[in-house]
Amino acid sequence: MTRFDPYGDPSLPVRLALAALLLVGAAATAGAFVADPESAAPSPVAYDDVVELGLSSETDALMAGSATIPRTQVFYSQLQYVVGYNGVESFAATFDDDRTERQFGYPVVAYVETFDDARPGTTETGLFAAELAGEWTPAPEAAYVVGSDARSPAGETVVPFRERDAAEAFAADHGGRVVGWEAVRGGSFDTDSAAAVRGMAPERWAAADDRVAAAERRADRPVSVVVGEDAPTVEAALAAAPANTTVVVPPGTYEETLTVNESVTIAGDDARVSGDGNGSVITVRARDVAITGVDIDGSGNQTRDPEAAREGRDRDDGAWDTNIQLGYGHGDAGIRAIDAPGLFVDDVTIEANASGLLLREGSRAVVRDLRVDGTDEWQDGFMGVTGMGSRVTVTDSAFSGGRDGIYLHRADGSVVRNSAFADNRYGVHLMYTGDALIADNAFRDELFGGVTVMTRPSGNAIVGNDVRDSGAGIQASGTRAYIGYNTLVGNELGFSTSSRGSLYERNVAANNELGARATTVVPSSRIVENDFVANADHAAAGAGALRVWADGDRGNYWEGANVGTHEPGERAYRPTSPVDGALHREVAVVAVRESPAVALLDRLRGTVPGARSGSIIDPAPATEPYSPERVAAALDPDAGPVRADWRPRFGGGDDDGNADTMTTRARNATSGVADA
Amino acid sequence: MSGRLSGVATVFRRELATVVRTPGYGVLAVGLLVALGGLLAAGGGGATGFVPAVVDLLLPTEALVPLVAVVLGYRALLTDAASGELAVIRTYPVRVGEYVTGVLLARTVALVAVVGVPYAAIGVVVWLTAAPDTGIFATHAGVDSPLLYVRFLAFVLLLGAAYVSLAAAVSALAASRRSAIALGSLALVAGVLGGDLVLLRSLAAGASPTTVPSAIALAPNGAFRGLVFEHVIGVAFAPEGGFVSTVRAVGSLVGWTLLGAVVAGATLAWGRRVDAAIERVRREIGS
């Protein structure tokens with residue numbers, strides 16, 4: 001190694017090396033400015049690997065049949081993940097909303113699924129269908145049929161084609177007209193949003209009222225048989241009673257196993273029906289049966305039927321969830337309804353060894369004042385209500401012990417309200433169940449969680465529930481969900497934002513180990529006007545891009561966000577940062593937060609949110625809780641479940657769910673301050 | 001090699017030797033690397049890509065790079081003048097312009113080493129380690145690219161060169177090491193804060209915001225920040241730009257560099273005569 005000698009002439013190799021280094025440096029610098037970083041447009045990827053946004057592809061209508069949704073995959077400038085939109089119109093709608101560009105950047109390239117050779121058409125119900133898979137075509141090159149009779153589960157759908165001729169042919173068969181990408185991009189489409197789901201919550205509540213009233217009317221039938229007077233046993237009474245009459249069951253214990261084959265009302269009066277420990281106690285196989293005022297015990301303890309599940313698999317009838325349907329739908333129950341729509345269960349108590357109430361094959365049921373006491377260990381029992389392919393309306397009921405309080409599978413439009421749940425595995429558990437309303441329920445000591453929605457259903461509203469001391473408050477996946485006005489106290493996790501394209505507002509998360517967890521890799525939901533108070537950690541984020549939890553100037557209330565010397569609401573708050581996240585526990589952190597190092601780093605942090613990972617930022621933290629009464633009640637150990645007064649704020653169900661007016665109204669109702 | 005070039009080359013080599021023999025500069029580079037590494041780790045942007053890494057580094061860079069540049073330059077011309085070596089050098093056929101050019105070139109090379117190497121090292125770290133949070137989905141780079149970091153590095157060096165040159169001018173003006181430190185600090189504060197404060201003042205006084213794109217380019221820090229927004233961070237947004245006029249901003253940074261050199265040269269060339277003139281005037285007043 002030679003010593004550095006600045007005065008001697010460098011040897012030729014050294015000169016060459018220096019010259020080469022200079023050249024490379026100059027070329028690299030020049031190249032860096034000449035080259036266009038976005039010039040290399042990525043090729044389409046397998047759709048299974050994208051992060052899905054837009055419409056749900058797991059709705060009942062889509063999974064049961066051949067219907068499909070034209071898909072889009074988009075490569076955004078800031079976002080490292082490829083985003084898939086179900087529904088071209090879902091992608092087009094993002095151009096109206098600058099939130100998408102702020103969070104993900106602009107689309108470097110977008111591909112749409114084109115159906116030239118896929119034999120496109122519509123199903124009997126008018127949903128778009130294609131016999132074969134589509135191909136990927138750059139969005140600006142495709143031709144689009146708009147206004148045709150093909151629809152998506154959420155409304156109007158746009159059907160893309162690679163060649164204009166194919167599009168013209170489809171339009172000739174199905175109506176509509178052919179337009180270019182610019183027209184689609186700039187168009188507006190009649191599809192539902194999460195705000196619309198909020199608007200529908202009061203309607204669903206009212207629909208439940210109607211269903212209960214209708215069930216009451218149906219159950220009000222003339223008495224034909226009185227057990228003990230006209231017939232020796234309940235079984236004999238049922239055999240004697242003509243349809244549309246009432247069988248009266250006087251006080252006493254009846255050790256019987258019953259099957260109801262007529263549309264009758266069984267009206268108990270402090271009567272107990274005890275099974276023999278085998279099978280279900282009461283099996284309903286007729287429509288519009290009502291069972292009131294009865295205590296039931298003594299069912300078998302078989303929770304599922306592996307035989308039925310196996311047969312279903314062998315039969316291979318094409319249903320995508322036969323296994324679950326048959327397995328879960330064939331256990332023992334206090335009351336079991338098979339293909340028995342219109343069942344009304346009122347003022348009934350069930351001591352359940354497996355399910356309390358089991359509904360199968362379209363057994364739409366109205367349940368009021370049902371009490372199910374399940375097993376002490378959830379592994380030993382089953383659900384309070386098991387609804388398989390059967391819409392249920394549950395009101396003023398109570399479920400304790402056993403596996404899940406209410407388990408619903410493909411039960412679109414169900415309503416569960418004003419009920420109490422305790423010591424279950426999950427309180428309410430939805431699978432493939434959309435357009436449901438879970439409202440004003442109280443959950444206590446649920447091992448895994450209060451409300452959980454699995455799979456990706458669409459349009460569920462979870463409103464005004466109170467979950468305490470449970471594994472998790474609300475974990476709802478799916479799309480277009482509305483999760484608002486819930487009070488989540490003392491849980492391991494308050495709520496998770498697992499649902500996409502959804503609205504999380506006015507929830508109170510207090511005293512939880514973790515207030516909220518951001519789960520979806522690509523943020524697409526609005527999380528605004530929630531109150532986070534006294535949680536060990538307010539929020540955490542899983543893998544994925546930076547989440548911006550605010551909508552314009554409306555953020556969330558975070559206890560601690562405004563501690564310190566600055567004007568409240570002035571500084572962005574990052575609940576996932578070790579500094580901000582400790583503000584509500586340790587005042588001294590304020591001094592760290594004001595350090596130049598933290599200030600310099602934080603200043604531009606929200607600049608390219610899509611390219612950043614794993615954290616949450618609220619650029620406009622609120623100065624006061626949005627729901628002070630519920631926060632106070634949540635922190636008061638002696639206060640009972642909190643009722644959120646949400647229905648009047650939604651306008652009683654008679655408006656069309658305009659997000660802004662409603663939010664303004666809600667805000668004014670709480671703080672009394674009008675908008676400027 | 002022509003005489004003028006050989007004069008520059010000789011001074012350049014001598015100055016380079018001075019730089020190499022100053023171990024403090026090596027420590028400075030290591031310190032900068034540690035600071036940048038700490039910012040990268042604390043900010044977290046470097047974990048996913050170059051653009052968020054630049055977002056994290058941008059504001060600290062506005063203070064760190066001028067600081068390092070001033071440290072490199074504040075004594076560049078003072079030492080020779082104070083020790084009398086400059087007087088000796090001037091007995092050789094070396095013009096003041098050649099001398100100043102040689103010194104500044106050497107100091108700029110030192111800047112490339114002390115600032116460029118740590119920044120480049122950070123870039124390499126980001127290049128090797130940046131990855132999406134999760135691999136279960138398909139990923140792509142978006143517009144994020146090492147090219148954007150090279151652009152950032154080029155702007156950093158331009159900014160640094162302007163400050164080295166300004167610091168050299170200060171070192172030519174200063175009469176002692178202490179006054180060099182004082183003047184250097186003043187230049188640092190004036191450069192880092194002054195330009196923006198003047199702009200703020202003028203906006204507060206009623207200047208039209210439409211003047212901002214050109215006005216912000218006047219101060220070195222404003223020009224640097226504008227260039228980074230325009231050519232590095234702004235690339236991730238829909239193509240619109242307009243944060244700063246690129247030509248003006250680059251012109252401003254080069255202009256500050258040249259200004260520093262000219263002031264330094266002029267001071268060395270005519271400073272004696274000015275001193276003599278001032279002395280004369282003082283004597284006449286005093287008498």
# chains A, B, ... in the order shown; residues from 1 in each chain; ligands from 1
>>> select_by_dssp(residues="segment 168-363 of chain A", states="strand (DSSP E or B)", output="count of residues only")
63
>>> interface_residues(of="chain B", to="chain A", cutoff="6 Å", atoms="only C-alpha atoms", output="list of chain:residue names")
B:Arg13, B:Gly45, B:Asp56, B:Leu59, B:Asp133, B:Phe137, B:Ala138, B:Thr139, B:His140, B:Ala141, B:Gly142, B:Val143, B:Leu147, B:Arg151, B:Ala236, B:Phe237, B:Ala238
>>> write_last_selection(atoms="C-alpha atoms", output="mmCIF file, in the first residue's frame")
data_model
loop_
_atom_site.group_PDB
_atom_site.id
_atom_site.type_symbol
_atom_site.label_atom_id
_atom_site.label_comp_id
_atom_site.auth_asym_id
_atom_site.auth_seq_id
_atom_site.Cartn_x
_atom_site.Cartn_y
_atom_site.Cartn_z
ATOM 1 C CA ARG B 13 -2.695 19.145 -3.949
ATOM 2 C CA GLY B 45 -38.909 5.908 6.616
ATOM 3 C CA ASP B 56 -37.046 11.860 7.147
ATOM 4 C CA LEU B 59 -35.057 18.866 7.431
ATOM 5 C CA ASP B 133 -43.851 -4.736 5.551
ATOM 6 C CA PHE B 137 -49.204 -9.629 -1.212
ATOM 7 C CA ALA B 138 -47.790 -8.701 -4.569
ATOM 8 C CA THR B 139 -45.579 -5.633 -4.260
ATOM 9 C CA HIS B 140 -43.919 -3.167 -6.562
ATOM 10 C CA ALA B 141 -41.622 -0.190 -6.116
ATOM 11 C CA GLY B 142 -44.040 2.516 -7.222
ATOM 12 C CA VAL B 143 -41.970 5.475 -8.283
ATOM 13 C CA LEU B 147 -32.278 7.329 -8.890
ATOM 14 C CA ARG B 151 -30.821 13.200 -7.123
ATOM 15 C CA ALA B 236 -44.514 10.417 -5.802
ATOM 16 C CA PHE B 237 -47.432 12.765 -6.382
ATOM 17 C CA ALA B 238 -49.419 13.368 -9.512
#
>>> select_by_dssp(residues="segment 104-266 of chain B", states="helix (DSSP H, G or I)", output="number ranges by chain")
B: 104-129, 146-173, 177-204, 209-215, 220-236, 246-266
>>> atom_distance(atom1="atom CA of Phe532 of chain A", atom2="atom CA of Asp638 of chain A")
19.9 Å
>>> residues_around(residues="Asp466 of chain A", least_positions_apart="2", cutoff="12 Å", atoms="only C-alpha atoms", output="NGL selection string")
:A and (417-422 or 427 or 438-446 or 449-451 or 462-464 or 468-470 or 472-474 or 484-491 or 494-495 or 507-510 or 630-631 or 633-634 or 639-644)
>>> write_last_selection(atoms="C-alpha atoms", output="PDB file, in the first residue's frame")
ATOM      1  CA  ARG A 417     -80.509  -5.870  19.231  1.00  0.00           C
ATOM      2  CA  ASN A 418     -81.151  -4.998  22.860  1.00  0.00           C
ATOM      3  CA  SER A 419     -79.706  -8.283  24.026  1.00  0.00           C
ATOM      4  CA  ALA A 420     -77.197  -9.270  26.677  1.00  0.00           C
ATOM      5  CA  PHE A 421     -74.313 -11.663  26.198  1.00  0.00           C
ATOM      6  CA  ALA A 422     -71.920 -13.015  28.809  1.00  0.00           C
ATOM      7  CA  GLY A 427     -71.018 -12.898  21.573  1.00  0.00           C
ATOM      8  CA  ILE A 438     -76.063  -5.600  15.476  1.00  0.00           C
ATOM      9  CA  ALA A 439     -77.249  -2.819  17.740  1.00  0.00           C
ATOM     10  CA  ASP A 440     -77.571  -1.801  21.368  1.00  0.00           C
ATOM     11  CA  ASN A 441     -76.386  -5.092  22.801  1.00  0.00           C
ATOM     12  CA  ALA A 442     -74.326  -5.514  25.954  1.00  0.00           C
ATOM     13  CA  PHE A 443     -71.454  -8.001  26.062  1.00  0.00           C
ATOM     14  CA  ARG A 444     -69.530  -9.084  29.179  1.00  0.00           C
ATOM     15  CA  ASP A 445     -66.600 -11.396  29.731  1.00  0.00           C
ATOM     16  CA  GLU A 446     -66.577 -12.805  26.224  1.00  0.00           C
ATOM     17  CA  GLY A 449     -64.705 -11.183  21.600  1.00  0.00           C
ATOM     18  CA  GLY A 450     -68.007  -9.382  21.608  1.00  0.00           C
ATOM     19  CA  VAL A 451     -68.872  -9.032  17.945  1.00  0.00           C
ATOM     20  CA  ILE A 462     -72.647  -2.610  14.196  1.00  0.00           C
ATOM     21  CA  VAL A 463     -74.023   0.220  16.241  1.00  0.00           C
ATOM     22  CA  GLY A 464     -74.395   1.245  19.855  1.00  0.00           C
ATOM     23  CA  ARG A 468     -66.602  -4.991  28.370  1.00  0.00           C
ATOM     24  CA  ASP A 469     -63.921  -7.179  29.886  1.00  0.00           C
ATOM     25  CA  SER A 470     -63.627  -9.360  26.817  1.00  0.00           C
ATOM     26  CA  ALA A 472     -61.869  -8.091  21.892  1.00  0.00           C
ATOM     27  CA  GLY A 473     -64.687  -5.634  21.460  1.00  0.00           C
ATOM     28  CA  ILE A 474     -65.495  -5.632  17.774  1.00  0.00           C
ATOM     29  CA  GLY A 484     -70.351   3.426  15.117  1.00  0.00           C
ATOM     30  CA  TYR A 485     -71.460   4.525  18.575  1.00  0.00           C
ATOM     31  CA  ASN A 486     -70.056   1.444  20.284  1.00  0.00           C
ATOM     32  CA  THR A 487     -68.579   1.624  23.773  1.00  0.00           C
ATOM     33  CA  LEU A 488     -65.649  -0.719  24.348  1.00  0.00           C
ATOM     34  CA  VAL A 489     -64.280  -0.881  27.859  1.00  0.00           C
ATOM     35  CA  GLY A 490     -61.682  -2.973  29.613  1.00  0.00           C
ATOM     36  CA  ASN A 491     -61.066  -5.385  26.765  1.00  0.00           C
ATOM     37  CA  GLY A 494     -61.239  -2.388  21.696  1.00  0.00           C
ATOM     38  CA  PHE A 495     -61.820  -2.752  17.988  1.00  0.00           C
ATOM     39  CA  ASN A 507     -66.836   4.654  19.129  1.00  0.00           C
ATOM     40  CA  VAL A 508     -65.477   5.016  22.644  1.00  0.00           C
ATOM     41  CA  ALA A 509     -62.476   2.845  23.497  1.00  0.00           C
ATOM     42  CA  ALA A 510     -61.647   3.172  27.169  1.00  0.00           C
ATOM     43  CA  ARG A 630     -70.273   7.825  27.216  1.00  0.00           C
ATOM     44  CA  VAL A 631     -66.601   8.422  28.066  1.00  0.00           C
ATOM     45  CA  ALA A 633     -69.834   6.370  31.928  1.00  0.00           C
ATOM     46  CA  ALA A 634     -67.145   4.099  30.551  1.00  0.00           C
ATOM     47  CA  ALA A 639     -72.006   2.467  35.731  1.00  0.00           C
ATOM     48  CA  GLY A 640     -73.755  -0.243  33.784  1.00  0.00           C
ATOM     49  CA  PRO A 641     -73.765  -0.753  30.047  1.00  0.00           C
ATOM     50  CA  VAL A 642     -73.855   2.492  28.119  1.00  0.00           C
ATOM     51  CA  ARG A 643     -76.635   3.245  25.698  1.00  0.00           C
ATOM     52  CA  ALA A 644     -75.644   5.438  22.810  1.00  0.00           C
TER      53      ALA A 644
END
>>> closest_residue(among="A:Thr303, A:Thr479, A:Thr157, A:Asn244", to="Arg287 of chain A", atoms="only C-alpha atoms")
A:Asn244
>>> closest_residue(among="B:Ala131, B:Val198, B:Val124, B:Val112", to="Ala69 of chain B", atoms="only C-alpha atoms")
B:Val112
>>> atom_distance(atom1="atom CA of Pro153 of chain A", atom2="atom CA of Val453 of chain A")
19.2 Å
>>> atom_distance(atom1="atom CA of Glu89 of chain A", atom2="atom CA of Leu55 of chain A")
9.5 Å
>>> residues_around(residues="Ala269 of chain B", least_positions_apart="4", cutoff="10 Å", atoms="only C-alpha atoms", output="list of chain:residue names")
B:Arg95, B:Val96, B:Gly97, B:Val263, B:Ala264, B:Gly265, B:Arg273, B:Val274
>>> residues_around(residues="segment 374-387 of chain A", least_positions_apart="6", cutoff="10 Å", atoms="only C-alpha atoms", output="mmCIF file with C-alpha atoms, in the first residue's frame")
data_model
loop_
_atom_site.group_PDB
_atom_site.id
_atom_site.type_symbol
_atom_site.label_atom_id
_atom_site.label_comp_id
_atom_site.auth_asym_id
_atom_site.auth_seq_id
_atom_site.Cartn_x
_atom_site.Cartn_y
_atom_site.Cartn_z
ATOM 1 C CA ASN A 301 -75.038 -32.693 23.609
ATOM 2 C CA GLN A 302 -73.975 -33.369 20.050
ATOM 3 C CA THR A 303 -72.798 -30.024 18.696
ATOM 4 C CA ARG A 304 -72.247 -31.027 15.079
ATOM 5 C CA GLN A 325 -73.667 -25.782 6.660
ATOM 6 C CA TYR A 328 -72.920 -26.857 12.101
ATOM 7 C CA GLY A 329 -76.552 -27.222 11.111
ATOM 8 C CA GLY A 331 -76.270 -30.701 16.030
ATOM 9 C CA ASP A 332 -78.734 -31.010 18.901
ATOM 10 C CA ALA A 333 -80.728 -28.034 20.153
ATOM 11 C CA GLY A 334 -83.419 -26.969 22.568
ATOM 12 C CA ILE A 335 -85.503 -25.842 19.600
ATOM 13 C CA ARG A 336 -84.560 -26.928 16.113
ATOM 14 C CA ALA A 337 -86.235 -25.507 13.012
ATOM 15 C CA ILE A 350 -83.329 -22.880 27.243
ATOM 16 C CA GLU A 351 -80.729 -24.718 29.261
ATOM 17 C CA ALA A 352 -78.537 -25.705 26.365
ATOM 18 C CA ASN A 353 -76.254 -28.715 26.216
ATOM 19 C CA ALA A 354 -75.450 -27.963 22.575
ATOM 20 C CA SER A 355 -77.299 -25.216 20.645
ATOM 21 C CA GLY A 356 -80.189 -23.328 22.213
ATOM 22 C CA LEU A 357 -82.040 -22.510 19.029
ATOM 23 C CA LEU A 358 -80.926 -24.036 15.743
ATOM 24 C CA LEU A 359 -82.304 -22.722 12.462
ATOM 25 C CA ARG A 360 -81.612 -24.321 9.115
ATOM 26 C CA GLU A 361 -82.708 -24.087 5.516
ATOM 27 C CA GLY A 362 -84.468 -20.768 5.373
ATOM 28 C CA SER A 363 -86.039 -20.911 8.807
ATOM 29 C CA ARG A 364 -86.467 -17.154 9.160
ATOM 30 C CA ALA A 365 -87.146 -16.547 12.816
ATOM 31 C CA VAL A 367 -86.742 -14.241 18.697
ATOM 32 C CA VAL A 394 -83.288 -11.263 17.908
ATOM 33 C CA ALA A 398 -79.886 -12.988 26.926
ATOM 34 C CA PHE A 399 -77.194 -15.517 26.185
ATOM 35 C CA SER A 400 -74.648 -16.831 28.631
ATOM 36 C CA GLY A 401 -72.082 -19.589 28.443
ATOM 37 C CA GLY A 402 -71.552 -21.995 25.598
ATOM 38 C CA ARG A 403 -69.645 -21.361 22.422
ATOM 39 C CA ASP A 404 -71.081 -18.316 20.598
ATOM 40 C CA GLY A 405 -74.107 -16.351 21.740
ATOM 41 C CA ILE A 406 -75.402 -16.064 18.195
ATOM 42 C CA TYR A 407 -73.750 -17.692 15.214
ATOM 43 C CA LEU A 408 -75.116 -16.749 11.815
ATOM 44 C CA HIS A 409 -74.042 -18.290 8.523
ATOM 45 C CA ARG A 410 -75.380 -16.897 5.243
ATOM 46 C CA ALA A 411 -78.106 -15.090 7.132
ATOM 47 C CA SER A 414 -80.394 -10.418 10.328
ATOM 48 C CA PHE A 421 -74.313 -11.663 26.198
ATOM 49 C CA ASP A 423 -69.256 -15.696 29.176
ATOM 50 C CA ASN A 424 -69.459 -16.895 25.579
ATOM 51 C CA ARG A 425 -66.564 -17.540 23.256
ATOM 52 C CA TYR A 426 -67.876 -14.874 20.865
ATOM 53 C CA GLY A 427 -71.018 -12.898 21.573
ATOM 54 C CA VAL A 428 -72.226 -12.462 18.011
ATOM 55 C CA HIS A 429 -70.377 -14.261 15.245
ATOM 56 C CA LEU A 430 -71.255 -13.680 11.597
ATOM 57 C CA LEU A 447 -63.535 -15.018 25.961
#
